[in-house]
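Next comes coords09.cif, with mmCIF, C-alpha atoms.
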```cif
data_coords
loop_
_atom_site.label_atom_id
_atom_site.label_comp_id
_atom_site.auth_asym_id
_atom_site.auth_seq_id
_atom_site.Cartn_x
_atom_site.Cartn_y
_atom_site.Cartn_z
CA MET A 52 -11.19 5.56 -17.40
CA ASN A 53 -9.91 2.57 -15.46
CA PRO A 54 -12.89 0.41 -14.35
CA ILE A 55 -11.71 0.36 -10.71
CA ILE A 56 -11.64 4.15 -10.60
CA SER A 57 -14.90 4.46 -12.53
CA LYS A 58 -16.69 2.16 -10.07
CA ALA A 59 -15.47 4.12 -7.03
CA LEU A 60 -16.45 7.50 -8.49
CA SER A 61 -19.86 6.17 -9.57
CA GLU A 62 -20.45 5.20 -5.93
CA GLY A 63 -19.46 8.70 -4.79
CA ARG A 64 -16.18 7.52 -3.22
CA SER A 65 -12.95 9.53 -3.33
CA LEU A 66 -10.94 6.76 -1.65
CA LEU A 67 -10.27 3.36 -3.17
CA LEU A 68 -10.74 0.41 -0.84
CA GLU A 69 -7.42 -1.28 -0.07
CA PRO A 70 -8.08 -4.32 -2.33
CA GLU A 71 -9.04 -1.95 -5.16
CA ALA A 72 -5.90 0.16 -4.64
CA LYS A 73 -3.70 -2.93 -4.68
CA GLU A 74 -5.39 -4.30 -7.79
CA LEU A 75 -4.74 -0.99 -9.57
CA CYS A 76 -1.12 -1.08 -8.41
CA SER A 77 -0.76 -4.64 -9.73
CA GLN A 78 -1.92 -3.45 -13.14
CA TYR A 79 1.13 -1.16 -13.19
CA GLY A 80 3.66 -3.79 -12.19
CA ILE A 81 3.77 -2.83 -8.51
CA PRO A 82 4.07 -6.07 -6.51
CA VAL A 83 1.70 -6.51 -3.56
CA PRO A 84 1.21 -9.36 -1.05
CA LYS A 85 -1.10 -12.23 -1.94
CA SER A 86 -4.55 -11.57 -0.52
CA LYS A 87 -8.24 -12.39 -0.69
CA VAL A 88 -11.39 -10.60 0.48
CA VAL A 89 -13.71 -12.91 2.42
CA ALA A 90 -17.22 -12.67 3.83
CA SER A 91 -17.25 -15.38 6.53
CA ALA A 92 -14.98 -17.03 9.08
CA ASP A 93 -14.96 -20.24 7.03
CA GLU A 94 -13.93 -18.33 3.91
CA ALA A 95 -11.19 -16.66 5.97
CA VAL A 96 -9.80 -20.08 6.95
CA GLU A 97 -9.84 -21.29 3.34
CA ALA A 98 -8.10 -18.11 2.19
CA ALA A 99 -5.42 -18.52 4.87
CA LYS A 100 -4.82 -22.12 3.71
CA GLU A 101 -4.51 -20.91 0.11
CA ILE A 102 -2.19 -17.98 0.93
CA GLY A 103 -0.18 -19.74 3.60
CA LEU A 104 0.36 -18.88 7.27
CA PRO A 105 1.16 -16.51 8.87
CA VAL A 106 -1.38 -13.97 7.61
CA VAL A 107 -2.55 -10.43 8.29
CA VAL A 108 -6.26 -9.74 8.79
CA LYS A 109 -7.72 -6.33 7.90
CA ILE A 110 -11.18 -4.80 7.68
CA VAL A 111 -12.39 -3.57 4.28
CA SER A 112 -14.54 -0.46 4.76
CA LYS A 113 -14.67 2.99 3.20
CA ASP A 114 -15.73 4.31 6.61
CA ILE A 115 -12.56 3.19 8.41
CA ILE A 116 -9.53 4.87 6.84
CA HIS A 117 -6.98 4.48 9.65
CA LYS A 118 -7.55 0.78 10.26
CA SER A 119 -4.75 0.29 12.79
CA ASP A 120 -6.14 3.03 15.05
CA ALA A 121 -9.49 1.22 15.05
CA GLY A 122 -7.98 -2.15 15.96
CA CYS A 123 -8.88 -3.44 12.50
CA VAL A 124 -5.44 -4.69 11.44
CA ILE A 125 -4.11 -7.78 13.20
CA VAL A 126 -0.80 -9.28 12.09
CA GLY A 127 1.01 -12.56 12.54
CA ILE A 128 -1.90 -15.00 12.75
CA ASN A 129 -0.16 -18.37 12.81
CA ASP A 130 -2.99 -20.89 13.07
CA LEU A 131 -6.37 -21.47 11.43
CA GLU A 132 -8.34 -21.27 14.68
CA GLY A 133 -6.72 -17.89 15.25
CA VAL A 134 -7.83 -16.77 11.78
CA LYS A 135 -11.45 -17.61 12.68
CA LYS A 136 -11.22 -15.72 15.96
CA VAL A 137 -9.53 -12.66 14.47
CA TYR A 138 -12.03 -12.50 11.59
CA LYS A 139 -14.78 -11.84 14.13
CA GLN A 140 -12.53 -9.58 16.20
CA VAL A 141 -11.78 -7.09 13.40
CA ILE A 142 -15.48 -6.84 12.52
CA ASP A 143 -16.39 -6.26 16.18
CA ASN A 144 -13.65 -3.63 16.49
CA ALA A 145 -14.81 -1.91 13.33
CA LEU A 146 -18.39 -1.62 14.53
CA LYS A 147 -17.24 -0.50 17.96
CA PHE A 148 -15.13 2.22 16.33
CA ASN A 149 -17.91 3.24 13.92
CA PRO A 150 -21.32 1.61 14.44
CA LYS A 151 -22.47 2.93 11.05
CA ALA A 152 -19.47 1.60 9.14
CA GLU A 153 -20.28 -0.18 5.89
CA ILE A 154 -18.20 -3.36 5.90
CA LYS A 155 -17.35 -4.77 2.48
CA GLY A 156 -15.53 -7.80 3.86
CA VAL A 157 -12.31 -8.82 5.54
CA LEU A 158 -8.94 -8.98 3.80
CA ILE A 159 -6.78 -12.03 4.46
CA GLU A 160 -3.26 -11.18 3.36
CA GLU A 161 0.17 -12.76 3.15
CA MET A 162 2.43 -11.58 5.96
CA LEU A 163 5.80 -10.57 4.58
CA PRO A 164 9.09 -11.23 6.37
CA LYS A 165 10.89 -8.20 7.75
CA GLY A 166 12.93 -6.00 5.44
CA ILE A 167 13.81 -2.35 4.97
CA GLU A 168 10.71 -0.14 4.86
CA VAL A 169 10.57 2.57 2.22
CA ALA A 170 7.76 4.83 1.05
CA ILE A 171 6.77 5.64 -2.51
CA GLY A 172 4.05 8.15 -3.22
CA GLY A 173 2.49 10.47 -5.72
CA ILE A 174 0.64 13.76 -5.55
CA ARG A 175 -1.02 15.78 -8.31
CA ASP A 176 -0.05 19.43 -8.27
CA LEU A 177 -2.38 21.88 -10.06
CA GLU A 178 0.57 23.60 -11.73
CA PHE A 179 3.17 20.87 -12.30
CA GLY A 180 0.93 17.81 -12.60
CA PRO A 181 1.87 14.50 -10.97
CA ALA A 182 4.99 14.35 -8.80
CA ILE A 183 6.52 11.19 -7.34
CA MET A 184 8.12 10.85 -3.90
CA PHE A 185 10.63 8.32 -2.56
CA GLY A 186 12.05 8.00 0.94
CA LEU A 187 12.55 5.81 3.96
CA GLY A 188 9.19 4.46 5.11
CA GLY A 189 7.34 3.42 8.23
CA VAL A 190 7.96 5.69 11.23
CA PHE A 191 11.02 7.18 9.50
CA ILE A 192 8.91 9.16 7.05
CA GLU A 193 7.14 10.94 9.92
CA VAL A 194 10.23 11.55 12.06
CA ILE A 195 13.12 12.04 9.65
CA ARG A 196 11.34 13.24 6.48
CA ASP A 197 14.17 11.83 4.37
CA VAL A 198 12.40 12.08 1.00
CA THR A 199 12.99 13.27 -2.55
CA PHE A 200 10.58 14.29 -5.33
CA ARG A 201 10.47 14.28 -9.15
CA VAL A 202 7.84 15.51 -11.58
CA ALA A 203 6.39 12.58 -13.58
CA PRO A 204 6.87 10.89 -15.98
CA ILE A 205 9.91 9.24 -14.44
CA SER A 206 12.43 7.03 -16.24
CA GLU A 207 14.41 4.19 -14.68
CA THR A 208 17.44 6.51 -14.56
CA ASP A 209 15.40 9.17 -12.73
CA ALA A 210 14.14 6.56 -10.27
CA GLU A 211 17.66 5.31 -9.52
CA GLU A 212 18.82 8.90 -8.94
CA MET A 213 15.94 9.45 -6.49
CA ILE A 214 16.93 6.37 -4.50
CA LYS A 215 20.57 7.47 -4.29
CA GLU A 216 19.62 11.04 -3.27
CA ILE A 217 18.14 10.26 0.14
CA ARG A 218 20.37 10.50 3.21
CA GLY A 219 19.40 6.96 4.18
CA PHE A 220 20.74 5.40 0.97
CA LYS A 221 23.50 3.70 2.99
CA ILE A 222 20.80 1.73 4.81
CA LEU A 223 19.53 0.43 1.46
CA GLN A 224 23.07 -0.56 0.47
CA GLY A 225 23.45 -2.68 3.60
CA TYR A 226 24.63 -1.18 6.86
CA ARG A 227 26.26 -2.82 9.89
CA GLY A 228 25.38 -6.35 8.96
CA THR A 229 22.05 -5.73 7.24
CA GLU A 230 21.58 -7.05 3.73
CA PRO A 231 21.48 -4.66 0.78
CA VAL A 232 18.05 -4.33 -0.81
CA ASP A 233 16.99 -4.95 -4.41
CA ILE A 234 17.43 -1.48 -5.95
CA LYS A 235 16.12 -2.66 -9.33
CA ALA A 236 12.86 -3.78 -7.71
CA LEU A 237 12.44 -0.33 -6.11
CA VAL A 238 13.17 1.35 -9.46
CA LYS A 239 10.42 -0.74 -11.03
CA ILE A 240 7.90 0.32 -8.36
CA ILE A 241 8.80 4.02 -8.68
CA VAL A 242 8.40 3.86 -12.47
CA GLY A 243 5.10 1.96 -12.03
CA ALA A 244 3.84 4.63 -9.62
CA SER A 245 4.79 7.32 -12.15
CA LYS A 246 2.90 5.54 -14.92
CA LEU A 247 -0.15 5.02 -12.68
CA MET A 248 -0.26 8.74 -11.88
CA THR A 249 0.30 9.94 -15.45
CA GLU A 250 -2.23 7.57 -17.03
CA ASN A 251 -5.02 8.13 -14.48
CA GLU A 252 -5.69 11.85 -14.04
CA GLU A 253 -8.46 11.05 -11.54
CA VAL A 254 -5.81 9.90 -9.03
CA SER A 255 -4.88 12.88 -6.88
CA GLN A 256 -2.77 11.02 -4.31
CA LEU A 257 -0.92 7.70 -4.10
CA ASP A 258 0.65 6.41 -0.91
CA LEU A 259 2.61 3.15 -0.78
CA ASN A 260 3.91 2.92 2.79
CA PRO A 261 5.51 0.74 3.75
CA VAL A 262 7.06 -0.91 0.76
CA ILE A 263 9.13 -3.75 2.20
CA ALA A 264 12.41 -4.15 0.32
CA LYS A 265 14.53 -7.28 0.58
CA ARG A 266 17.71 -8.61 -1.04
CA GLN A 267 15.44 -9.97 -3.75
CA GLY A 268 12.28 -8.07 -4.60
CA ALA A 269 10.03 -5.55 -2.89
CA LYS A 270 6.29 -5.38 -2.20
CA ALA A 271 3.85 -2.62 -1.26
CA VAL A 272 2.30 -3.75 2.02
CA ASP A 273 -0.15 -0.84 2.21
CA ALA A 274 -1.63 1.10 -0.69
CA ARG A 275 -3.79 4.20 -0.38
CA ILE A 276 -5.21 5.95 -3.43
CA ILE A 277 -7.29 9.13 -3.25
CA LEU A 278 -9.35 10.24 -6.23
CA SER A 279 -10.44 13.69 -7.31
CA PRO A 280 -14.12 13.51 -8.37
CA THR A 281 -13.73 16.83 -10.19
CA ARG A 282 -11.50 15.08 -12.74
CA ARG A 283 -14.20 12.84 -14.19
#
```
In structure tokens, what does this structure look like?
Amino acid sequence: MNPIISKALSEGRSLLLEPEAKELCSQYGIPVPKSKVVASADEAVEAAKEIGLPVVVKIVSKDIIHKSDAGCVIVGINDLEGVKKVYKQVIDNALKFNPKAEIKGVLIEEMLPKGIEVAIGGIRDLEFGPAIMFGLGGVFIEVIRDVTFRVAPISETDAEEMIKEIRGFKILQGYRGTEPVDIKALVKIIVGASKLMTENEEVSQLDLNPVIAKRQGAKAVDARIILSPTRR
């Protein structure tokens, strides 16, 4: 069993913390933003210097799943004094939202430039096993539901077919002046997600949304991984 998963299950958790989820993704070749978990305002400043401004600041807590709703994700911090201030702000917001929340630290993360948002996910079906999803991400996934599925394992050819199947493929090719995105980078992430799901039967759900795709490269900005304790 992967040590990250083993640690979470041993602590009775069915949800990986965001830094854990991103570390597991990295092990499967899924690019994620540079980041560091810190435990003080001074550490936050040093991390921001190391990563480079602007940064995103997020709470790390198993008790706060929807961090944005709790005011625990603040983006676009452009100066070091702001990093100090926001470090305290996300902790205050977290405790206001849930006074009993166990806070493991604060995540200082590279803020990516804008791109096309896609979503890549995985779910474990009792009958068919792991299935992988691809579609337009961000708000589009909730409103348009432009997604496609394949049962894992998935080859590069399968992944490319998935990308071309969605109605919004024209957007990825470049539409009305927008740049085309790096399809090969998206293929790599889809195949990595497939491998992660097939090699770790404890993972019941994987959610990478958004994945920001650019002309060169793509990165998973948010990663959510749910475990099934019954699969130990």
- Task: Please identify all polymer residues within 8 Å of range 173-177 of chain A, counting all atoms listed in the file, omitting same-chain residues fewer than 4 positions from it, and present them as number ranges by chain.
- Result: A: 181-184, 244-245, 248, 254-258
- Protein, DNA and RNA residues within 12 Å of (15.0, 7.1, -15.3), only C-alpha atoms, as number ranges by chain: A: 201-214, 235, 238-239, 241-243, 245
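Against this structure, the PyMOL selection byres ((chain A and resi 135) around 10) ends up with Ser91, Ala92, Asp93, Glu94, Ala95, Val96, Ala99, Ile128, Asp130, Leu131, Glu132, Gly133, Val134, Lys136, Val137, Tyr138, Lys139 and Gln140 of chain A.
Restricting the calculation to all atoms listed in the file, the smallest distance between Leu163 in chain A and any of A:Lys58, A:Lys85, A:Lys215, A:Lys221 is found for A:Lys85.
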Spell out the residues picked by the PyMOL selection byres ((chain A and resi 75) around 10) here, as a PDB file with C-alpha atoms, in the coordinates of the input.
```pdb
ATOM      1  CA  ASN A  53      -9.910   2.570 -15.460  1.00  0.00           C
ATOM      2  CA  PRO A  54     -12.890   0.410 -14.350  1.00  0.00           C
ATOM      3  CA  ILE A  55     -11.710   0.360 -10.710  1.00  0.00           C
ATOM      4  CA  ILE A  56     -11.640   4.150 -10.600  1.00  0.00           C
ATOM      5  CA  LEU A  67     -10.270   3.360  -3.170  1.00  0.00           C
ATOM      6  CA  GLU A  69      -7.420  -1.280  -0.070  1.00  0.00           C
ATOM      7  CA  PRO A  70      -8.080  -4.320  -2.330  1.00  0.00           C
ATOM      8  CA  GLU A  71      -9.040  -1.950  -5.160  1.00  0.00           C
ATOM      9  CA  ALA A  72      -5.900   0.160  -4.640  1.00  0.00           C
ATOM     10  CA  LYS A  73      -3.700  -2.930  -4.680  1.00  0.00           C
ATOM     11  CA  GLU A  74      -5.390  -4.300  -7.790  1.00  0.00           C
ATOM     12  CA  CYS A  76      -1.120  -1.080  -8.410  1.00  0.00           C
ATOM     13  CA  SER A  77      -0.760  -4.640  -9.730  1.00  0.00           C
ATOM     14  CA  GLN A  78      -1.920  -3.450 -13.140  1.00  0.00           C
ATOM     15  CA  TYR A  79       1.130  -1.160 -13.190  1.00  0.00           C
ATOM     16  CA  GLY A  80       3.660  -3.790 -12.190  1.00  0.00           C
ATOM     17  CA  ILE A  81       3.770  -2.830  -8.510  1.00  0.00           C
ATOM     18  CA  LEU A 247      -0.150   5.020 -12.680  1.00  0.00           C
ATOM     19  CA  ALA A 274      -1.630   1.100  -0.690  1.00  0.00           C
ATOM     20  CA  ILE A 276      -5.210   5.950  -3.430  1.00  0.00           C
TER      21      ILE A 276
END
```
- Note on the structure: The distance between CA of Leu259 in chain A and CA of Val272 in chain A is 7.5 Å
- Close residues, Ile263 in chain A itself excluded, 9 Å, all atoms listed in the file, min 4 positions apart in chain, as a VMD selection string: chain A and resid 163 to 170 188 268 to 272
- Determine the residue membership of the PyMOL selection byres ((chain A and resi 114-125) around 7) for the file above and supply it as a VMD selection string. chain A and resid 107 to 110 112 to 113 126 141 144 to 145 148 152 to 153
- Residue with smallest distance to Val83 in chain A - pool A:Glu161, A:Leu60, A:Arg218, A:Gly186, counting only C-alpha atoms: A:Glu161
- Task: May I have the residues within 8 Å of Ser65 in chain A as JSON, numbers by chain, using only C-alpha atoms and disregarding those fewer than 5 positions away in the same chain?
- Result: {"A": [59, 60, 277, 278, 279, 280]}
Could you write those residues out with C-alpha atoms, as a PDB file, in the coordinates of the input?
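This went into part-v4.pdb:
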```
ATOM      1  CA  ALA A  59     -15.470   4.120  -7.030  1.00  0.00           C
ATOM      2  CA  LEU A  60     -16.450   7.500  -8.490  1.00  0.00           C
ATOM      3  CA  ILE A 277      -7.290   9.130  -3.250  1.00  0.00           C
ATOM      4  CA  LEU A 278      -9.350  10.240  -6.230  1.00  0.00           C
ATOM      5  CA  SER A 279     -10.440  13.690  -7.310  1.00  0.00           C
ATOM      6  CA  PRO A 280     -14.120  13.510  -8.370  1.00  0.00           C
TER       7      PRO A 280
END
```
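Distance check against Glu97 in chain A using only C-alpha atoms: of A:Leu68, A:Val111, A:Met52, A:Ile159, the minimum falls on A:Ile159.
Interatomic distance, CA of Gly127 in chain A against CA of Val88 in chain A: 17.4 Å.
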- Note on the structure: re CA of Leu158 in chain A and CA of Pro82 in chain A: distance 16.9 Å
- Task: Return the single residue from A:Val106, A:Ala236, A:Ile142, A:Leu66 that is closest to Gly156 in chain A, with distances computed using only C-alpha atoms.
- Result: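 Closest candidate: A:Ile142.
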- Item | Using only C-alpha atoms: which of A:Leu223, A:Gln267, A:Asn149, A:Glu160 has the shortest distance to Val89 in chain A |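 The answer is A:Glu160, which sits nearest to Val89 in chain A.
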- Message: I'd like to know which of A:Gly225, A:Pro231, A:Gly219, A:Pro84 is closest to Pro261 in chain A, using all atoms listed in the file.
- Response: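 Between A:Gly225, A:Pro231, A:Gly219, A:Pro84, the residue approaching Pro261 in chain A most closely is A:Pro84.
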